[in-house]
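Notes follow the structure.
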Amino acid sequence: MTERISTWSYLTAKGTKWACEVRFPLHSLKVQKRGFLTAKEALVAGKQVRFEWDSRGSQKLDSSRVSLVADEYLESLRGAVKEHTRANYKAILDSYVLPKIGHLKVQDVEEPDISSILNALRNRGLLPGTINTVRARSIGLFNYALRRRIITFNPAAETSFQRPNGPGDTQVQEPLSASEARELLKASEGTQLEVFIALCLGLGLRKGEALALRWSDVDLEKGSVTISKSRGQRKQIGPAKNITSSEMDGDTKTRASTRELPLGTLVLTALHKSLTVKEPSAQDYLVTSHDGLPLSISVLHRKFKLLFEEAGTRRVRIHDLRHSAAQLASESLVPLEAVSQALGHSSIEVTKRIYAPRVNALNGLFTDALDDSLGAHHADLLQLGEARNVR
């Protein structure tokens with residue numbers, strides 16, 4: 001429930017009394033009652049006020065517009081999600097949902113109203129992943145209205161999940177092969193992205209994790225690096241409910257994403273080469289522009305695109321470098337538990353779902369193990385082939 005009940009005591013000529021206050025943020029309303037002998041009586045009275053409001057005030061609730069309920073929904077998320085996440089939710093609702101149905105009464109919205117929004121986005125060429133994000137935010141909004149008992153069913157939950165029709169419906173690219181990855185590493189040598197590419201391919205870091213690393217996170221003597229931050233564009237909701245965006249450091253994606261990793265030769269080599277160019281301070285970033293400031297995301301993407309053009313290799317997204325690192329390790333039969341821990345996944349199930357179906361070496365390992373167990377030997381197959389050739 002969004003209504004908030006608080007109780008407190010106060011002194012009177014006849015002794016201590018108790019009061020309660022019930023707040024209804026959606027309607028900017030507060031109801032107070034006083035004169036109770038105990039805190040329990042005051043709390044019960046507050047609950048009664050809330051019950052009466054829900055029972056007798058349904059007509060007022062039914063007049064709530066979608067845009068008004070959206071404001072309270074976003075306010076209810078304060079403290080429950082990260083502030084930049086709350087701002088992202090608002091940006092999605094403001095951009096895609098509210099312009100179409102924000103003026104409607106909540107109880108008047110039906111499944112076709114929301115499906116038409118999703119279908120229009122598909123016709124505009126938006127990818128299914130983006131459309132499903134809009135769908136998820138719509139479901140969250142109407143779930144809130146459902147909990148408030150403003151509506152009796154969630155129309156957004158009745159819409160269809162968008163699925164890709166083919167390779168063109170997703171931005172995800174096939175991971176780099178070992179030879180492609182080596183070509184990209186060679187092309188990055190001596191550029192601003194040398195350390196960045198080494199971090200993504202050599203450690204499987206996310207873009208934000210690599211950009212947030214400072215020299216204070218690196219222990220060259222121990223040969224390790226600590227990932228505890230992520231850098232990226234983060235939205236904030238301003239005092240006037242406007243959304244601002246700026247690049248800044250923040251928390252990692254999940255708790256499991258905070259981790260310490262050993263530095264392999266690939267990353268160590270790139271770091272030592274950067275030290276020969278400039279002696280950094282502990283608070284300097286590993287990936288920087290020419291003036292020593294953190295490399296902006298727009299510059300990173302531009303230089304990343306140019307790097308592939310210069311290398312003459314197949315272009316992938318930055319995040320596909322992480323997929324490439326995971327798949328190359330898995331193809332070398334690194335245990336999935338080790339891959340999952342190094343990538344900072346919240347569970348091994350995430351790693352299995354994303355990577356295990358794509359690793360051909362795991363299938364070969366499976367059949368080879370069965371051959372060994374059941375006594376089937378490659379030499380027997382060769383003898384059969386020779387016998388057939390003799391005939």
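So you can find residues: chains in the structure tokens are A, B, ... in the order shown, residues in each start at 1, and ligands are numbered from 1 in order.
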Can you tell me, as a compact mmCIF listing (two decimals) with N, CA and C atoms, in the first residue's frame, what residues are no more than 9 Å from Glu247 (chain A) when counting only C-alpha atoms, ignoring any on the same chain fewer than 3 positions away?
# COMPACT_ATOMS: atom_id res chain seq x y z
N ARG A 231 30.93 2.66 -14.99
CA ARG A 231 30.77 4.02 -15.48
C ARG A 231 29.85 4.04 -16.70
N GLY A 232 28.95 5.01 -16.73
CA GLY A 232 28.05 5.10 -17.87
C GLY A 232 27.14 6.30 -17.78
N GLN A 233 26.26 6.43 -18.76
CA GLN A 233 25.26 7.49 -18.77
C GLN A 233 24.20 7.15 -17.72
N ARG A 234 24.00 8.04 -16.77
CA ARG A 234 23.02 7.78 -15.72
C ARG A 234 22.01 8.92 -15.68
N LYS A 235 20.77 8.54 -15.75
CA LYS A 235 19.69 9.53 -15.72
C LYS A 235 19.32 9.85 -14.27
N SER A 296 35.10 9.62 -22.88
CA SER A 296 33.64 9.71 -22.97
C SER A 296 33.10 8.55 -23.80
N ILE A 297 31.86 8.20 -23.52
CA ILE A 297 31.24 7.05 -24.19
C ILE A 297 31.07 7.33 -25.68
If we count only C-alpha atoms, what is near Glu180 (chain A) at a cut-off of 12 Å, once residues fewer than 2 positions away on the same chain are taken out, given as number ranges by chain? A: 174-178, 182-187, 201, 308, 311-316, 321, 324-325, 328
For region 26-43 of chain A, please output as JSON, numbers by chain all residues within 8 Å (counting only C-alpha atoms; exclusion window: fewer than 3 positions along the same chain). {"A": [5, 6, 7, 8, 9, 16, 17, 18, 19, 20, 21, 22, 23, 46, 47, 49, 68, 69, 72]}
Write the residues of the selection above to a file with N, CA, C and O atoms, as a CSV table (one decimal), in the first residue's frame.
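The resulting file, again.csv, is shown below:
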chain,number,residue,atom,x,y,z
A,5,ILE,N,0.9,5.2,7.3
A,5,ILE,CA,0.3,5.5,8.6
A,5,ILE,C,1.4,5.7,9.6
A,5,ILE,O,2.4,4.9,9.7
A,6,SER,N,1.3,6.8,10.4
A,6,SER,CA,2.3,7.1,11.4
A,6,SER,C,1.5,7.4,12.7
A,6,SER,O,0.4,7.9,12.6
A,7,THR,N,2.1,7.1,13.8
A,7,THR,CA,1.5,7.4,15.1
A,7,THR,C,2.6,8.1,16.0
A,7,THR,O,3.8,7.9,15.8
A,8,TRP,N,2.1,8.9,16.9
A,8,TRP,CA,3.0,9.5,17.9
A,8,TRP,C,2.2,9.9,19.1
A,8,TRP,O,0.9,10.0,19.1
A,9,SER,N,2.9,10.1,20.2
A,9,SER,CA,2.3,10.5,21.5
A,9,SER,C,2.4,12.0,21.7
A,9,SER,O,3.3,12.6,21.2
A,16,THR,N,-0.8,11.4,28.8
A,16,THR,CA,-0.4,11.1,27.5
A,16,THR,C,-1.5,10.6,26.6
A,16,THR,O,-2.2,9.7,27.0
A,17,LYS,N,-1.6,11.1,25.4
A,17,LYS,CA,-2.5,10.7,24.4
A,17,LYS,C,-1.7,10.3,23.1
A,17,LYS,O,-0.6,10.6,23.0
A,18,TRP,N,-2.4,9.6,22.2
A,18,TRP,CA,-1.8,9.2,21.0
A,18,TRP,C,-2.6,9.7,19.8
A,18,TRP,O,-3.8,9.8,19.9
A,19,ALA,N,-1.9,9.9,18.7
A,19,ALA,CA,-2.5,10.4,17.5
A,19,ALA,C,-2.0,9.6,16.3
A,19,ALA,O,-1.0,8.9,16.4
A,20,CYS,N,-2.7,9.6,15.2
A,20,CYS,CA,-2.3,8.9,14.0
A,20,CYS,C,-2.5,9.9,12.8
A,20,CYS,O,-3.3,10.8,12.8
A,21,GLU,N,-1.7,9.6,11.8
A,21,GLU,CA,-1.8,10.3,10.5
A,21,GLU,C,-1.7,9.4,9.4
A,21,GLU,O,-0.8,8.5,9.3
A,22,VAL,N,-2.7,9.5,8.4
A,22,VAL,CA,-2.7,8.7,7.2
A,22,VAL,C,-2.4,9.6,6.0
A,22,VAL,O,-3.2,10.6,5.8
A,23,ARG,N,-1.4,9.3,5.2
A,23,ARG,CA,-1.1,10.1,4.1
A,23,ARG,C,-1.4,9.4,2.8
A,23,ARG,O,-1.1,8.2,2.6
A,46,GLY,N,-6.0,4.5,12.3
A,46,GLY,CA,-5.4,4.8,11.0
A,46,GLY,C,-5.8,3.8,10.0
A,46,GLY,O,-6.1,4.2,8.8
A,47,LYS,N,-5.7,2.5,10.3
A,47,LYS,CA,-6.1,1.5,9.3
A,47,LYS,C,-7.6,1.6,8.9
A,47,LYS,O,-7.9,1.4,7.8
A,49,VAL,N,-9.2,4.4,8.8
A,49,VAL,CA,-9.3,5.6,7.9
A,49,VAL,C,-8.9,5.1,6.5
A,49,VAL,O,-9.6,5.4,5.5
A,68,LEU,N,-1.4,10.5,-13.9
A,68,LEU,CA,-1.3,10.8,-12.4
A,68,LEU,C,-0.9,9.5,-11.6
A,68,LEU,O,-0.1,9.6,-10.7
A,69,VAL,N,-1.4,8.4,-12.0
A,69,VAL,CA,-1.0,7.1,-11.4
A,69,VAL,C,0.5,6.9,-11.7
A,69,VAL,O,1.2,6.3,-10.8
A,72,GLU,N,2.6,8.6,-9.2
A,72,GLU,CA,2.7,8.0,-7.8
A,72,GLU,C,3.4,6.7,-7.9
A,72,GLU,O,4.2,6.3,-7.0
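Computed from the coordinates, the CA of Leu126 (chain A) to CA of Lys303 (chain A) distance equals 25.1 Å.
Distances to Asn132 (chain A) were evaluated for A:Gln283, A:Gln162, A:Ser95, A:Ser116 using only C-alpha atoms, and the minimum falls at A:Gln162.
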Which of region 239-293 of chain A DSSP labels alpha helix (DSSP H), written as a count of residues only: 13
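All residues in region 101-286 of chain A with a DSSP state of strand (DSSP E), computed from the backbone, read Val218, Asp219, Ser224, Val225, Thr226, Ile227, Ser230, Arg231, Gly232, Gln233, Arg234, Lys235, Gln236, Ile237, Ile243, Thr244, Ser245, Ser246, Glu247, Met248, Asp249, Gly250, Arg259, Glu260, Leu261 and Pro262 of chain A.
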Saved selection, atoms kept: N, CA and C atoms, as a PDB file, in the first residue's frame:
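The result, stored in selection_29.pdb:
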ATOM      1  N   VAL A 218      44.154  -1.351  -9.292  1.00  0.00           N
ATOM      2  CA  VAL A 218      45.113  -2.314  -9.848  1.00  0.00           C
ATOM      3  C   VAL A 218      46.244  -2.562  -8.859  1.00  0.00           C
ATOM      4  N   ASP A 219      46.573  -3.819  -8.653  1.00  0.00           N
ATOM      5  CA  ASP A 219      47.725  -4.214  -7.833  1.00  0.00           C
ATOM      6  C   ASP A 219      48.690  -4.965  -8.749  1.00  0.00           C
ATOM      7  N   SER A 224      46.588  -8.315  -9.854  1.00  0.00           N
ATOM      8  CA  SER A 224      45.133  -8.439  -9.780  1.00  0.00           C
ATOM      9  C   SER A 224      44.475  -7.076  -9.956  1.00  0.00           C
ATOM     10  N   VAL A 225      43.186  -7.103 -10.230  1.00  0.00           N
ATOM     11  CA  VAL A 225      42.395  -5.880 -10.357  1.00  0.00           C
ATOM     12  C   VAL A 225      41.063  -6.105  -9.652  1.00  0.00           C
ATOM     13  N   THR A 226      40.566  -5.068  -8.998  1.00  0.00           N
ATOM     14  CA  THR A 226      39.291  -5.136  -8.291  1.00  0.00           C
ATOM     15  C   THR A 226      38.242  -4.354  -9.057  1.00  0.00           C
ATOM     16  N   ILE A 227      37.151  -5.020  -9.415  1.00  0.00           N
ATOM     17  CA  ILE A 227      36.046  -4.366 -10.123  1.00  0.00           C
ATOM     18  C   ILE A 227      34.969  -4.044  -9.093  1.00  0.00           C
ATOM     19  N   SER A 230      31.015   0.886 -11.981  1.00  0.00           N
ATOM     20  CA  SER A 230      30.676   0.858 -13.398  1.00  0.00           C
ATOM     21  C   SER A 230      30.401   2.286 -13.838  1.00  0.00           C
ATOM     22  N   ARG A 231      30.932   2.657 -14.986  1.00  0.00           N
ATOM     23  CA  ARG A 231      30.765   4.023 -15.476  1.00  0.00           C
ATOM     24  C   ARG A 231      29.850   4.036 -16.696  1.00  0.00           C
ATOM     25  N   GLY A 232      28.946   5.009 -16.733  1.00  0.00           N
ATOM     26  CA  GLY A 232      28.046   5.098 -17.874  1.00  0.00           C
ATOM     27  C   GLY A 232      27.144   6.299 -17.781  1.00  0.00           C
ATOM     28  N   GLN A 233      26.258   6.434 -18.763  1.00  0.00           N
ATOM     29  CA  GLN A 233      25.261   7.492 -18.765  1.00  0.00           C
ATOM     30  C   GLN A 233      24.202   7.146 -17.724  1.00  0.00           C
ATOM     31  N   ARG A 234      24.003   8.039 -16.773  1.00  0.00           N
ATOM     32  CA  ARG A 234      23.018   7.780 -15.724  1.00  0.00           C
ATOM     33  C   ARG A 234      22.014   8.920 -15.680  1.00  0.00           C
ATOM     34  N   LYS A 235      20.766   8.544 -15.755  1.00  0.00           N
ATOM     35  CA  LYS A 235      19.693   9.529 -15.718  1.00  0.00           C
ATOM     36  C   LYS A 235      19.324   9.851 -14.270  1.00  0.00           C
ATOM     37  N   GLN A 236      18.856  11.064 -14.057  1.00  0.00           N
ATOM     38  CA  GLN A 236      18.380  11.501 -12.744  1.00  0.00           C
ATOM     39  C   GLN A 236      17.097  12.290 -12.945  1.00  0.00           C
ATOM     40  N   ILE A 237      16.188  12.175 -11.971  1.00  0.00           N
ATOM     41  CA  ILE A 237      14.950  12.947 -12.007  1.00  0.00           C
ATOM     42  C   ILE A 237      15.179  14.223 -11.208  1.00  0.00           C
ATOM     43  N   ILE A 243      14.194  15.105 -16.560  1.00  0.00           N
ATOM     44  CA  ILE A 243      15.230  14.069 -16.552  1.00  0.00           C
ATOM     45  C   ILE A 243      16.524  14.632 -17.111  1.00  0.00           C
ATOM     46  N   THR A 244      17.579  14.497 -16.345  1.00  0.00           N
ATOM     47  CA  THR A 244      18.906  14.894 -16.798  1.00  0.00           C
ATOM     48  C   THR A 244      19.770  13.650 -16.936  1.00  0.00           C
ATOM     49  N   SER A 245      20.826  13.762 -17.720  1.00  0.00           N
ATOM     50  CA  SER A 245      21.702  12.617 -17.943  1.00  0.00           C
ATOM     51  C   SER A 245      23.150  13.077 -17.967  1.00  0.00           C
ATOM     52  N   SER A 246      24.012  12.322 -17.319  1.00  0.00           N
ATOM     53  CA  SER A 246      25.440  12.639 -17.311  1.00  0.00           C
ATOM     54  C   SER A 246      26.238  11.363 -17.105  1.00  0.00           C
ATOM     55  N   GLU A 247      27.491  11.401 -17.540  1.00  0.00           N
ATOM     56  CA  GLU A 247      28.370  10.246 -17.353  1.00  0.00           C
ATOM     57  C   GLU A 247      28.972  10.303 -15.961  1.00  0.00           C
ATOM     58  N   MET A 248      28.867   9.199 -15.243  1.00  0.00           N
ATOM     59  CA  MET A 248      29.409   9.156 -13.886  1.00  0.00           C
ATOM     60  C   MET A 248      29.644   7.711 -13.471  1.00  0.00           C
ATOM     61  N   ASP A 249      30.421   7.544 -12.406  1.00  0.00           N
ATOM     62  CA  ASP A 249      30.647   6.217 -11.841  1.00  0.00           C
ATOM     63  C   ASP A 249      29.481   5.849 -10.944  1.00  0.00           C
ATOM     64  N   GLY A 250      29.160   4.576 -10.924  1.00  0.00           N
ATOM     65  CA  GLY A 250      28.099   4.084 -10.065  1.00  0.00           C
ATOM     66  C   GLY A 250      28.385   2.663  -9.639  1.00  0.00           C
ATOM     67  N   ARG A 259      34.096  -7.896  -7.875  1.00  0.00           N
ATOM     68  CA  ARG A 259      34.950  -9.071  -7.817  1.00  0.00           C
ATOM     69  C   ARG A 259      36.402  -8.677  -8.007  1.00  0.00           C
ATOM     70  N   GLU A 260      37.313  -9.587  -7.662  1.00  0.00           N
ATOM     71  CA  GLU A 260      38.742  -9.400  -7.891  1.00  0.00           C
ATOM     72  C   GLU A 260      39.205 -10.445  -8.885  1.00  0.00           C
ATOM     73  N   LEU A 261      39.920  -9.995  -9.920  1.00  0.00           N
ATOM     74  CA  LEU A 261      40.371 -10.901 -10.967  1.00  0.00           C
ATOM     75  C   LEU A 261      41.883 -10.841 -11.117  1.00  0.00           C
ATOM     76  N   PRO A 262      42.504 -11.963 -11.386  1.00  0.00           N
ATOM     77  CA  PRO A 262      43.946 -11.947 -11.684  1.00  0.00           C
ATOM     78  C   PRO A 262      44.191 -11.344 -13.056  1.00  0.00           C
TER      79      PRO A 262
END
Show which residues sit within 12 Å of region 152-157 of chain A, as a ChimeraX atom specification. Count only C-alpha atoms, and ignore same-chain residues fewer than 4 positions away. /A:62,97,106-118,132,134-148,161
Could you please take those selected residues and save N, CA, C and O atoms as a short mmCIF file (atom, residue, chain, number, x, y, z; two decimals), in the first residue's frame?
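The resulting out34.cif:
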data_model
loop_
_atom_site.label_atom_id
_atom_site.label_comp_id
_atom_site.auth_asym_id
_atom_site.auth_seq_id
_atom_site.Cartn_x
_atom_site.Cartn_y
_atom_site.Cartn_z
N ASP A 62 -11.31 6.20 -9.26
CA ASP A 62 -11.60 5.83 -10.63
C ASP A 62 -11.37 6.98 -11.59
O ASP A 62 -11.23 6.77 -12.78
N VAL A 97 4.75 5.61 -23.56
CA VAL A 97 3.45 5.19 -23.04
C VAL A 97 2.50 6.36 -22.78
O VAL A 97 1.40 6.41 -23.32
N VAL A 106 -7.49 5.29 -15.78
CA VAL A 106 -6.77 4.01 -15.66
C VAL A 106 -7.68 2.83 -15.96
O VAL A 106 -7.30 1.89 -16.67
N GLN A 107 -8.91 2.87 -15.44
CA GLN A 107 -9.81 1.73 -15.61
C GLN A 107 -10.36 1.63 -17.03
O GLN A 107 -10.96 0.62 -17.39
N ASP A 108 -10.12 2.65 -17.86
CA ASP A 108 -10.61 2.61 -19.24
C ASP A 108 -9.59 2.02 -20.21
O ASP A 108 -9.91 1.78 -21.37
N VAL A 109 -8.36 1.82 -19.74
CA VAL A 109 -7.32 1.29 -20.62
C VAL A 109 -7.51 -0.21 -20.79
O VAL A 109 -7.69 -0.95 -19.82
N GLU A 110 -7.45 -0.67 -22.02
CA GLU A 110 -7.60 -2.09 -22.32
C GLU A 110 -6.38 -2.59 -23.08
O GLU A 110 -5.55 -1.81 -23.54
N GLU A 111 -6.31 -3.91 -23.20
CA GLU A 111 -5.15 -4.53 -23.84
C GLU A 111 -4.86 -3.99 -25.23
O GLU A 111 -3.70 -3.71 -25.58
N PRO A 112 -5.87 -3.78 -26.09
CA PRO A 112 -5.57 -3.24 -27.43
C PRO A 112 -4.91 -1.88 -27.42
O PRO A 112 -4.14 -1.55 -28.33
N ASP A 113 -5.20 -1.07 -26.37
CA ASP A 113 -4.56 0.26 -26.29
C ASP A 113 -3.05 0.13 -26.16
O ASP A 113 -2.28 0.88 -26.78
N ILE A 114 -2.61 -0.82 -25.33
CA ILE A 114 -1.17 -1.00 -25.10
C ILE A 114 -0.54 -1.78 -26.25
O ILE A 114 0.58 -1.50 -26.68
N SER A 115 -1.27 -2.75 -26.78
CA SER A 115 -0.74 -3.50 -27.92
C SER A 115 -0.50 -2.59 -29.11
O SER A 115 0.46 -2.78 -29.87
N SER A 116 -1.38 -1.60 -29.29
CA SER A 116 -1.19 -0.66 -30.42
C SER A 116 0.09 0.14 -30.24
O SER A 116 0.76 0.46 -31.23
N ILE A 117 0.44 0.47 -28.99
CA ILE A 117 1.69 1.18 -28.73
C ILE A 117 2.87 0.30 -29.13
O ILE A 117 3.80 0.74 -29.83
N LEU A 118 2.85 -0.96 -28.70
CA LEU A 118 3.95 -1.89 -28.99
C LEU A 118 4.06 -2.16 -30.48
O LEU A 118 5.16 -2.22 -31.03
N ASN A 132 10.05 -4.86 -25.66
CA ASN A 132 9.74 -5.64 -24.45
C ASN A 132 10.05 -4.86 -23.18
O ASN A 132 9.42 -5.08 -22.14
N VAL A 134 9.59 -1.59 -22.97
CA VAL A 134 8.41 -0.72 -22.85
C VAL A 134 7.24 -1.52 -22.28
O VAL A 134 6.50 -1.04 -21.41
N ARG A 135 7.09 -2.74 -22.74
CA ARG A 135 6.02 -3.61 -22.23
C ARG A 135 6.18 -3.87 -20.74
O ARG A 135 5.22 -3.81 -19.96
N ALA A 136 7.42 -4.16 -20.32
CA ALA A 136 7.67 -4.44 -18.90
C ALA A 136 7.37 -3.24 -18.02
O ALA A 136 6.81 -3.38 -16.92
N ARG A 137 7.73 -2.03 -18.49
CA ARG A 137 7.44 -0.83 -17.71
C ARG A 137 5.93 -0.58 -17.64
O ARG A 137 5.42 -0.10 -16.63
N SER A 138 5.21 -0.90 -18.71
CA SER A 138 3.75 -0.75 -18.70
C SER A 138 3.12 -1.73 -17.73
O SER A 138 2.20 -1.38 -16.99
N ILE A 139 3.62 -2.95 -17.72
CA ILE A 139 3.11 -3.96 -16.78
C ILE A 139 3.34 -3.49 -15.34
O ILE A 139 2.46 -3.62 -14.48
N GLY A 140 4.53 -2.94 -15.07
CA GLY A 140 4.82 -2.44 -13.72
C GLY A 140 3.87 -1.33 -13.31
O GLY A 140 3.39 -1.30 -12.17
N LEU A 141 3.57 -0.42 -14.22
CA LEU A 141 2.67 0.69 -13.93
C LEU A 141 1.28 0.18 -13.58
O LEU A 141 0.68 0.58 -12.56
N PHE A 142 0.74 -0.72 -14.39
CA PHE A 142 -0.62 -1.20 -14.14
C PHE A 142 -0.69 -2.20 -13.00
O PHE A 142 -1.74 -2.36 -12.38
N ASN A 143 0.42 -2.87 -12.71
CA ASN A 143 0.46 -3.69 -11.49
C ASN A 143 0.31 -2.82 -10.26
O ASN A 143 -0.33 -3.21 -9.27
N TYR A 144 0.91 -1.64 -10.32
CA TYR A 144 0.78 -0.70 -9.20
C TYR A 144 -0.69 -0.28 -9.04
O TYR A 144 -1.23 -0.26 -7.94
N ALA A 145 -1.34 0.04 -10.17
CA ALA A 145 -2.76 0.41 -10.11
C ALA A 145 -3.60 -0.76 -9.60
O ALA A 145 -4.60 -0.55 -8.89
N LEU A 146 -3.20 -1.97 -9.93
CA LEU A 146 -3.90 -3.16 -9.46
C LEU A 146 -3.76 -3.30 -7.94
O LEU A 146 -4.74 -3.60 -7.24
N ARG A 147 -2.56 -3.08 -7.44
CA ARG A 147 -2.35 -3.14 -5.99
C ARG A 147 -3.13 -2.05 -5.27
O ARG A 147 -3.57 -2.24 -4.13
N ARG A 148 -3.32 -0.94 -5.93
CA ARG A 148 -4.07 0.17 -5.34
C ARG A 148 -5.58 -0.06 -5.44
O ARG A 148 -6.37 0.75 -4.97
N PHE A 161 4.47 -10.93 -25.77
CA PHE A 161 5.92 -10.74 -25.70
C PHE A 161 6.46 -10.73 -27.13
O PHE A 161 6.11 -11.59 -27.94
#
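The shortest atom-to-atom distance to Glu279 (chain A), with only C-alpha atoms taken into account, belongs to A:Trp215 out of A:Asn242, A:Arg317, A:Trp215, A:Ala70.
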For Glu337 (chain A): contacts at 9 Å, only C-alpha atoms, fewer than 2 positions along chain excluded, given as a ChimeraX atom specification: /A:334-335,339-342,347-348,351
